[in-house]
file protein_36.txt (compact mmCIF, C-alpha atoms)
# COMPACT_ATOMS: atom_id res chain seq x y z
CA MET P 1 74.35 98.52 112.38
CA ASN P 2 70.65 99.18 111.72
CA ASN P 3 68.36 99.64 114.70
CA LEU P 4 66.04 96.63 114.50
CA GLY P 5 63.71 97.99 117.19
CA LYS P 6 63.50 99.42 120.67
CA ILE P 7 62.89 96.87 123.42
CA LEU P 8 62.12 97.15 127.12
CA LEU P 9 63.25 94.14 129.14
CA VAL P 10 61.71 93.75 132.62
CA ASP P 11 63.34 91.07 134.77
CA ASP P 12 64.28 90.94 138.45
CA ASP P 13 66.97 88.39 137.53
CA LYS P 14 70.02 90.57 136.90
CA MET P 15 71.92 87.80 135.16
CA ASN P 16 69.22 86.94 132.69
CA GLY P 17 68.49 90.62 132.15
CA LYS P 18 72.08 91.53 131.53
CA PHE P 19 72.62 88.51 129.28
CA LEU P 20 69.56 89.17 127.16
CA SER P 21 69.96 92.94 126.89
CA LYS P 22 73.63 92.70 125.93
CA ARG P 23 72.98 90.00 123.34
CA LEU P 24 70.06 91.92 121.83
CA ASN P 25 72.06 95.15 121.74
CA LYS P 26 74.85 93.31 119.98
CA LYS P 27 72.38 91.94 117.40
CA GLY P 28 71.14 95.42 116.52
CA TYR P 29 68.24 96.07 118.89
CA GLU P 30 68.15 98.96 121.32
CA CYS P 31 67.35 97.22 124.59
CA ASP P 32 66.70 98.93 127.92
CA PHE P 33 66.82 96.67 130.98
CA VAL P 34 64.86 97.38 134.18
CA LEU P 35 64.48 95.29 137.33
CA ASN P 36 60.90 95.85 138.51
CA HIS P 37 57.42 97.16 137.75
CA THR P 38 58.14 100.68 139.01
CA GLU P 39 61.09 101.14 136.66
CA CYS P 40 59.04 99.48 133.90
CA PHE P 41 56.23 102.05 134.05
CA GLU P 42 58.71 104.92 134.36
CA ALA P 43 60.45 103.73 131.20
CA LEU P 44 57.14 103.27 129.35
CA GLU P 45 56.16 106.80 130.33
CA VAL P 46 59.10 108.44 128.62
CA ASN P 47 59.99 106.06 125.77
CA ASN P 48 58.26 104.52 122.79
CA TYR P 49 59.07 100.83 122.71
CA ASP P 50 58.37 98.37 119.90
CA VAL P 51 58.21 95.36 122.22
CA VAL P 52 58.27 94.63 125.97
CA LEU P 53 59.96 91.45 127.22
CA LEU P 54 58.37 90.75 130.59
CA ASP P 55 59.47 88.17 133.16
CA ILE P 56 56.49 86.33 134.67
CA MET P 57 57.84 85.54 138.12
CA MET P 58 58.96 88.69 139.90
CA PRO P 59 58.69 89.58 143.60
CA ASP P 60 56.13 92.15 144.84
CA VAL P 61 54.32 92.63 141.52
CA SER P 62 54.28 89.71 139.09
CA GLY P 63 54.71 89.93 135.34
CA ILE P 64 51.04 89.01 134.91
CA GLU P 65 49.99 92.03 137.00
CA VAL P 66 52.35 94.30 135.05
CA LEU P 67 50.85 92.95 131.82
CA GLU P 68 47.31 93.72 133.00
CA LYS P 69 48.34 97.28 133.87
CA ILE P 70 49.98 97.78 130.45
CA ARG P 71 46.86 96.48 128.69
CA GLU P 72 44.73 99.12 130.42
CA SER P 73 46.26 101.68 128.06
CA LYS P 74 47.86 99.80 125.15
CA ASN P 75 46.46 96.90 123.15
CA ARG P 76 48.59 94.06 121.79
CA PHE P 77 49.04 95.80 118.43
CA GLU P 78 50.14 99.09 119.95
CA LEU P 79 52.62 97.48 122.33
CA PRO P 80 53.41 93.78 121.96
CA VAL P 81 54.40 92.08 125.23
CA ILE P 82 56.40 88.85 125.13
CA MET P 83 56.42 86.96 128.41
CA VAL P 84 59.68 85.42 129.63
CA SER P 85 59.14 82.32 131.73
CA SER P 86 60.53 79.09 133.02
CA LYS P 87 59.35 75.95 131.28
CA GLU P 88 57.41 74.96 134.41
CA GLU P 89 55.23 78.07 134.32
CA SER P 90 52.81 76.78 131.67
CA VAL P 91 49.72 77.75 133.67
CA ASP P 92 51.05 81.30 133.99
CA ILE P 93 51.81 81.40 130.26
CA VAL P 94 48.22 80.42 129.44
CA ASP P 95 46.95 83.11 131.85
CA ALA P 96 49.26 85.70 130.30
CA LEU P 97 48.17 84.88 126.76
CA SER P 98 44.52 85.14 127.75
CA LEU P 99 45.24 88.53 129.35
CA GLY P 100 46.79 90.00 126.23
CA ALA P 101 50.37 88.76 126.06
CA SER P 102 51.53 88.57 122.46
CA ASP P 103 53.86 85.59 122.80
CA TYR P 104 56.31 83.95 125.21
CA ILE P 105 59.88 82.68 125.41
CA THR P 106 61.39 80.34 127.97
CA LYS P 107 64.53 80.57 130.11
CA PRO P 108 67.39 80.08 129.55
CA VAL P 109 66.54 82.27 126.60
CA ASN P 110 67.71 81.09 123.20
CA ILE P 111 68.71 84.33 121.50
CA GLU P 112 67.77 83.16 117.99
CA ILE P 113 64.28 82.15 119.11
CA ALA P 114 63.92 85.41 121.05
CA MET P 115 64.92 87.45 118.00
CA ALA P 116 62.50 85.56 115.76
CA ARG P 117 59.62 86.17 118.17
CA ILE P 118 60.54 89.85 118.63
CA SER P 119 60.86 90.36 114.87
CA THR P 120 57.44 88.78 114.29
CA GLN P 121 55.80 91.05 116.85
CA ILE P 122 57.42 94.16 115.40
CA LYS P 123 56.17 93.19 111.92
CA ILE P 124 52.64 92.63 113.25
CA LYS P 125 52.79 96.02 114.98
CA GLU P 126 53.93 97.74 111.77
CA LEU P 127 51.24 96.04 109.66
CA SER P 128 48.60 96.99 112.21
CA ALA P 129 49.75 100.62 112.12
CA GLU P 130 49.61 100.60 108.31
CA SER P 131 46.12 99.07 108.39
CA LEU P 132 44.97 101.71 110.86
CA MET P 133 46.41 104.46 108.68
CA ALA P 134 44.58 103.04 105.62
CA LYS P 135 41.33 102.94 107.60
CA GLN P 136 41.81 106.54 108.69
CA MET P 137 42.44 107.60 105.10
CA SER P 138 39.29 105.75 104.03
CA THR P 139 37.33 107.55 106.76
CA ILE P 140 38.63 110.93 105.62
CA SER P 141 37.69 110.09 102.04
CA THR P 142 34.18 109.09 103.19
CA LEU P 143 33.89 112.31 105.13
CA VAL P 144 34.89 114.44 102.17
CA THR P 145 32.37 112.65 99.92
CA THR P 146 29.62 113.16 102.51
CA LEU P 147 30.30 116.84 103.05
CA ASN P 148 30.62 117.51 99.35
CA HIS P 149 27.21 115.91 98.71
CA GLU P 150 25.40 117.37 101.71
CA ILE P 151 26.61 120.94 101.22
CA ASN P 152 26.54 121.02 97.43
CA ASN P 153 22.82 120.26 97.06
CA PRO P 154 21.41 123.02 99.31
CA LEU P 155 24.06 125.41 98.02
CA ALA P 156 22.85 124.86 94.44
CA ILE P 157 19.24 125.44 95.56
CA ALA P 158 20.16 128.63 97.41
CA MET P 159 22.22 130.03 94.56
CA GLY P 160 19.58 129.16 91.95
CA ASN P 161 16.83 130.84 93.90
CA LEU P 162 18.92 133.92 94.67
CA LYS P 163 19.91 134.36 91.00
CA ILE P 164 16.28 134.21 89.94
CA SER P 165 15.30 136.49 92.81
CA VAL P 166 17.54 139.22 91.46
CA GLU P 167 15.26 139.45 88.40
CA ARG P 168 11.94 138.42 89.98
CA LEU P 169 12.06 138.95 93.68
CA THR P 170 9.33 136.91 95.39
CA PRO P 171 8.96 135.97 99.07
CA GLU P 172 8.65 132.33 98.04
CA ARG P 173 12.06 132.26 96.32
CA ILE P 174 13.73 134.15 99.17
CA SER P 175 12.21 131.64 101.59
CA LYS P 176 13.57 128.71 99.53
CA ALA P 177 17.04 130.28 99.43
CA LEU P 178 16.99 130.91 103.19
CA SER P 179 15.81 127.34 103.82
CA ALA P 180 18.68 125.97 101.73
CA LEU P 181 21.19 128.17 103.55
CA ASP P 182 19.72 127.01 106.85
CA ARG P 183 20.26 123.41 105.74
CA ILE P 184 23.93 124.21 105.09
CA ALA P 185 24.18 125.77 108.56
CA GLN P 186 22.70 122.60 110.09
CA ILE P 187 25.19 120.42 108.22
CA VAL P 188 28.09 122.52 109.44
CA LYS P 189 26.87 122.03 113.01
CA LYS P 190 26.66 118.26 112.45
CA ILE P 191 30.23 118.19 111.20
CA GLU P 192 31.22 118.76 114.82
CA LYS P 193 29.57 115.43 115.70
CA ILE P 194 31.84 113.61 113.27
CA ASN P 195 34.82 114.69 115.35
CA ASN P 196 33.13 113.10 118.38
CA GLY P 197 32.94 109.78 116.55
CA SER P 198 29.15 109.62 116.91
CA MET P 199 28.49 109.37 113.18
CA GLU P 200 27.39 106.11 111.63
CA GLU P 201 28.99 105.14 108.35
CA SER P 202 26.73 103.64 105.69
CA GLU P 203 26.91 102.49 102.12
CA TYR P 204 26.14 105.29 99.71
CA SER P 205 26.82 103.56 96.41
CA SER P 206 28.81 100.60 95.15
CA THR P 207 31.94 102.73 94.89
CA SER P 208 31.74 105.18 97.76
CA LYS P 209 30.67 105.41 101.41
CA MET P 210 29.00 108.24 103.25
CA PHE P 211 28.13 109.22 106.80
CA LYS P 212 24.50 109.44 107.88
CA ILE P 213 24.12 113.07 108.90
CA MET G 214 81.87 68.54 135.21
CA ILE G 215 79.14 70.78 136.55
CA ILE G 216 78.72 72.95 133.46
CA ASP G 217 78.26 72.00 129.83
CA LYS G 218 81.08 74.04 128.29
CA LYS G 219 79.97 73.58 124.69
CA LYS G 220 76.44 74.74 125.47
CA VAL G 221 77.70 77.71 127.45
CA LEU G 222 79.96 78.90 124.61
CA LYS G 223 77.17 78.41 122.06
CA HIS G 224 74.65 80.18 124.28
CA PHE G 225 76.98 83.16 124.63
CA ASP G 226 78.01 83.07 120.98
CA ASP G 227 81.63 82.61 122.18
CA ASP G 228 81.46 86.00 123.86
CA LYS G 229 83.83 85.28 126.76
CA GLU G 230 83.76 88.89 127.83
CA LEU G 231 80.01 88.65 128.47
CA ILE G 232 80.48 85.32 130.28
CA GLY G 233 83.01 87.10 132.50
CA GLU G 234 80.60 89.97 133.18
CA LEU G 235 77.82 87.58 134.17
CA LEU G 236 80.22 85.60 136.32
CA VAL G 237 80.88 88.81 138.28
CA VAL G 238 77.12 89.43 138.62
CA PHE G 239 76.66 85.84 139.80
CA GLU G 240 79.45 86.06 142.37
CA GLU G 241 78.10 89.36 143.68
CA SER G 242 74.53 88.17 144.12
CA TYR G 243 74.20 84.41 144.53
CA LEU G 244 74.95 84.37 148.26
CA GLU G 245 72.02 86.68 148.89
CA TYR G 246 69.65 84.19 147.26
CA LEU G 247 71.33 81.10 148.69
CA ASN G 248 71.28 82.52 152.24
CA GLY G 249 67.69 83.60 151.62
CA LEU G 250 66.84 80.05 150.57
CA ILE G 251 68.54 78.54 153.66
CA SER G 252 66.69 80.95 155.97
CA SER G 253 63.38 80.32 154.21
CA VAL G 254 63.78 76.55 154.66
CA ALA G 255 64.56 77.07 158.35
CA GLU G 256 61.48 79.28 158.69
CA ASN G 257 59.27 76.94 156.58
CA ASN G 258 58.38 79.98 154.47
CA MET G 259 57.13 78.28 151.30
CA GLY G 260 56.65 81.44 149.25
CA LYS G 261 60.21 82.57 149.89
CA ILE G 262 61.60 79.08 149.26
CA GLU G 263 59.87 79.10 145.88
CA PHE G 264 61.14 82.61 145.04
CA HIS G 265 64.79 82.16 146.09
CA ALA G 266 65.05 78.70 144.53
CA HIS G 267 63.48 80.01 141.32
CA THR G 268 65.95 82.90 141.14
CA LEU G 269 68.94 80.66 141.79
CA LYS G 270 67.68 78.19 139.19
CA GLY G 271 67.56 80.95 136.59
CA MET G 272 71.07 82.05 137.50
CA VAL G 273 72.66 78.61 137.22
CA ALA G 274 70.64 77.79 134.11
CA ILE G 275 72.48 80.50 132.17
CA PHE G 276 75.71 78.57 132.78
CA PHE G 277 74.12 75.25 131.75
CA ALA G 278 74.73 73.49 135.07
CA PRO G 279 72.07 70.73 134.85
CA SER G 280 72.62 69.22 138.31
CA LEU G 281 72.23 72.63 139.96
CA VAL G 282 69.18 73.42 137.83
CA ASP G 283 67.69 70.11 138.94
CA ILE G 284 68.36 70.70 142.66
CA THR G 285 67.08 74.30 142.68
CA GLY G 286 64.10 73.18 140.59
CA LYS G 287 63.25 70.52 143.20
CA LEU G 288 63.37 73.12 145.97
CA GLU G 289 61.25 75.52 143.93
CA ASN G 290 58.63 72.80 143.39
CA MET G 291 58.62 72.03 147.10
CA GLY G 292 57.91 75.67 147.79
CA THR G 293 55.16 75.72 145.16
CA ASN G 294 53.56 72.52 146.45
CA LYS G 295 54.22 73.43 150.11
CA VAL G 296 55.77 70.05 150.87
CA LEU G 297 59.41 69.87 152.05
CA SER G 298 61.65 66.79 152.05
CA ASP G 299 65.40 66.18 152.08
CA THR G 300 66.06 69.91 152.03
CA SER G 301 69.32 69.62 154.01
CA GLU G 302 70.87 67.32 151.42
CA LEU G 303 69.75 69.57 148.59
CA LEU G 304 71.14 72.72 150.23
CA ILE G 305 74.46 70.98 150.96
CA ALA G 306 74.63 69.93 147.30
CA ILE G 307 74.09 73.52 146.16
CA GLU G 308 76.80 74.83 148.49
CA ARG G 309 79.14 72.11 147.24
CA ASP G 310 78.46 72.49 143.51
CA ILE G 311 78.36 76.26 143.04
CA PRO G 312 82.07 76.80 143.81
CA VAL G 313 82.90 74.01 141.37
CA MET G 314 80.71 75.65 138.72
CA LEU G 315 82.43 79.00 139.28
CA LYS G 316 85.86 77.40 138.94
CA GLU G 317 84.86 75.74 135.67
CA ILE G 318 83.55 79.02 134.26
CA ARG G 319 86.74 80.84 135.21
CA GLU G 320 88.72 78.17 133.40
CA LEU G 321 86.46 78.53 130.37
CA ILE G 322 87.16 82.22 129.96
call {"tool": "encode", "arguments": {"input": "protein_36.txt", "output": "structure tokens"}}
result
Amino acid sequence: MNNLGKILLVDDDKMNGKFLSKRLNKKGYECDFVLNHTECFEALEVNNYDVVLLDIMMPDVSGIEVLEKIRESKNRFELPVIMVSSKEESVDIVDALSLGASDYITKPVNIEIAMARISTQIKIKELSAESLMAKQMSTISTLVTTLNHEINNPLAIAMGNLKISVERLTPERISKALSALDRIAQIVKKIEKINNGSMEESEYSSTSKMFKI
Amino acid sequence: MIIDKKKVLKHFDDDKELIGELLVVFEESYLEYLNGLISSVAENNMGKIEFHAHTLKGMVAIFFAPSLVDITGKLENMGTNKVLSDTSELLIAIERDIPVMLKEIRELI
């Protein structure tokens, strides 16, 4: 059977946890089941999960607190969290959604509804990753266009002046060539800033973008 | 009947083996929560009443035992709202109905 996704289920209720994890495993998901926040963060440390199913009402540290801690490092597209609650916990559900929960399911969990919600979150996560990848590719393309333009112009000036200087060496032409080479050196230094993310992207033409350097 | 057999079988996708496994988990752990609930009522500890009743409610809900879900739900709400009433009757009803529920589940599998 295909692996439909890797899920972490956090629930202090052993019965609900065992029921849900076994049913999800049987349906083709890889589901790890842990009983508390400590085991939850240990599991998140060493595994890459597609979705977390998180019980709201747990002793010691509630599901809402666990959610807040997860959201300190992962946004809802990087790690979707579906809250598991009783029907009476509507206030908690609203709180959880406002704090970054992706969705919720109610107990006793209907496996078909749970699977539909999990599947939706995994699809959103995959689309988000694809969108991010496309944006990164666009950024790289912009960067290449920028560097090509910024280096090519002073390089042409330097080479032109040096070629002429071979026949008619004048201080003025050597100065122009050195100035152009200096410009290239400055651009190379500024390339480092792009890695720091401090560059501002701007429209260059109707078909391409460039960085302001 | 305490449990809704049709709903239980549908909920478990007719997986009687899994029902049996959860029955074992229930039998191993429910007394801890029930005794915790009884003690919490005696101590007037509202937070613990809410927690133990909530846990028991989740456990009996898996077996579709509506009367037990209702009773544990009432106790949970009392804990939440910090107002207790008729707790003795409710606890007696839980102690009376859980063994019946367990018997019905055993017969089902």
call {"tool": "interface_residues", "arguments": {"input": "protein_36.txt", "of": "chain P", "to": "chain G", "cutoff": "7 Å", "atoms": "only C-alpha atoms", "output": "ChimeraX atom specification"}}
result
/P:13,15,108
call {"tool": "closest_residue", "arguments": {"input": "protein_36.txt", "among": "P:Ala177, P:Leu20, P:Val84, P:Val109", "to": "P:Leu162", "atoms": "only C-alpha atoms"}}
result
P:Ala177
call {"tool": "atom_distance", "arguments": {"input": "protein_36.txt", "atom1": "atom CA of G:Glu289", "atom2": "atom CA of P:Asp92"}}
result
15.4 Å
call {"tool": "atom_distance", "arguments": {"input": "protein_36.txt", "atom1": "atom CA of P:Val34", "atom2": "atom CA of P:Val10"}}
result
5.1 Å
call {"tool": "closest_residue", "arguments": {"input": "protein_36.txt", "among": "P:Glu89, P:Thr106, P:Glu112, P:Ser128", "to": "G:Thr293", "atoms": "only C-alpha atoms"}}
result
P:Glu89
call {"tool": "closest_residue", "arguments": {"input": "protein_36.txt", "among": "P:Glu68, P:Glu78, P:Asp182, P:Asp60", "to": "P:Glu126", "atoms": "all atoms listed in the file"}}
result
P:Glu78
call {"tool": "closest_residue", "arguments": {"input": "protein_36.txt", "among": "G:Tyr243, G:Glu230, G:Ala278, G:Leu297", "to": "G:Ile262", "atoms": "only C-alpha atoms"}}
result
G:Leu297
call {"tool": "residues_around", "arguments": {"input": "protein_36.txt", "residues": "P:Ile174", "least_positions_apart": "2", "cutoff": "9 Å", "atoms": "only C-alpha atoms", "output": "PDB file with C-alpha atoms, in the frame of the given file"}}
result
ATOM      1  CA  ALA P 158      20.160 128.630  97.410  1.00  0.00           C
ATOM      2  CA  ASN P 161      16.830 130.840  93.900  1.00  0.00           C
ATOM      3  CA  LEU P 162      18.920 133.920  94.670  1.00  0.00           C
ATOM      4  CA  SER P 165      15.300 136.490  92.810  1.00  0.00           C
ATOM      5  CA  LEU P 169      12.060 138.950  93.680  1.00  0.00           C
ATOM      6  CA  THR P 170       9.330 136.910  95.390  1.00  0.00           C
ATOM      7  CA  PRO P 171       8.960 135.970  99.070  1.00  0.00           C
ATOM      8  CA  GLU P 172       8.650 132.330  98.040  1.00  0.00           C
ATOM      9  CA  LYS P 176      13.570 128.710  99.530  1.00  0.00           C
ATOM     10  CA  ALA P 177      17.040 130.280  99.430  1.00  0.00           C
ATOM     11  CA  LEU P 178      16.990 130.910 103.190  1.00  0.00           C
ATOM     12  CA  SER P 179      15.810 127.340 103.820  1.00  0.00           C
TER      13      SER P 179
END
call {"tool": "residues_near_point", "arguments": {"input": "protein_36.txt", "point": "(63.9, 76.6, 154.9)", "cutoff": "10 Å", "atoms": "all atoms listed in the file", "output": "PDB file with C-alpha atoms, in the coordinates of the input"}}
result
ATOM      1  CA  ASN G 248      71.280  82.520 152.240  1.00  0.00           C
ATOM      2  CA  GLY G 249      67.690  83.600 151.620  1.00  0.00           C
ATOM      3  CA  LEU G 250      66.840  80.050 150.570  1.00  0.00           C
ATOM      4  CA  ILE G 251      68.540  78.540 153.660  1.00  0.00           C
ATOM      5  CA  SER G 252      66.690  80.950 155.970  1.00  0.00           C
ATOM      6  CA  SER G 253      63.380  80.320 154.210  1.00  0.00           C
ATOM      7  CA  VAL G 254      63.780  76.550 154.660  1.00  0.00           C
ATOM      8  CA  ALA G 255      64.560  77.070 158.350  1.00  0.00           C
ATOM      9  CA  GLU G 256      61.480  79.280 158.690  1.00  0.00           C
ATOM     10  CA  ASN G 257      59.270  76.940 156.580  1.00  0.00           C
ATOM     11  CA  ASN G 258      58.380  79.980 154.470  1.00  0.00           C
ATOM     12  CA  MET G 259      57.130  78.280 151.300  1.00  0.00           C
ATOM     13  CA  LYS G 261      60.210  82.570 149.890  1.00  0.00           C
ATOM     14  CA  ILE G 262      61.600  79.080 149.260  1.00  0.00           C
ATOM     15  CA  LEU G 288      63.370  73.120 145.970  1.00  0.00           C
ATOM     16  CA  GLY G 292      57.910  75.670 147.790  1.00  0.00           C
ATOM     17  CA  LEU G 297      59.410  69.870 152.050  1.00  0.00           C
ATOM     18  CA  THR G 300      66.060  69.910 152.030  1.00  0.00           C
ATOM     19  CA  SER G 301      69.320  69.620 154.010  1.00  0.00           C
ATOM     20  CA  LEU G 304      71.140  72.720 150.230  1.00  0.00           C
TER      21      LEU G 304
END
call {"tool": "residues_around", "arguments": {"input": "protein_36.txt", "residues": "G:Ile305", "least_positions_apart": "5", "cutoff": "12 Å", "atoms": "all atoms listed in the file", "output": "PyMOL selection string"}}
result
chain G and resi 247+250-251+281+284-285+299-300+310-312
call {"tool": "write_last_selection", "arguments": {"input": "protein_36.txt", "atoms": "C-alpha atoms", "output": "PDB file, in the frame of the given file"}}
result
ATOM      1  CA  LEU G 247      71.330  81.100 148.690  1.00  0.00           C
ATOM      2  CA  LEU G 250      66.840  80.050 150.570  1.00  0.00           C
ATOM      3  CA  ILE G 251      68.540  78.540 153.660  1.00  0.00           C
ATOM      4  CA  LEU G 281      72.230  72.630 139.960  1.00  0.00           C
ATOM      5  CA  ILE G 284      68.360  70.700 142.660  1.00  0.00           C
ATOM      6  CA  THR G 285      67.080  74.300 142.680  1.00  0.00           C
ATOM      7  CA  ASP G 299      65.400  66.180 152.080  1.00  0.00           C
ATOM      8  CA  THR G 300      66.060  69.910 152.030  1.00  0.00           C
ATOM      9  CA  ASP G 310      78.460  72.490 143.510  1.00  0.00           C
ATOM     10  CA  ILE G 311      78.360  76.260 143.040  1.00  0.00           C
ATOM     11  CA  PRO G 312      82.070  76.800 143.810  1.00  0.00           C
TER      12      PRO G 312
END
call {"tool": "closest_residue", "arguments": {"input": "protein_36.txt", "among": "P:Ile64, P:Phe77, P:Ile151, P:Ile111", "to": "P:Leu99", "atoms": "all atoms listed in the file"}}
result
P:Ile64
call {"tool": "atom_distance", "arguments": {"input": "protein_36.txt", "atom1": "atom CA of P:Lys18", "atom2": "atom CA of P:Asp32"}}
result
9.8 Å
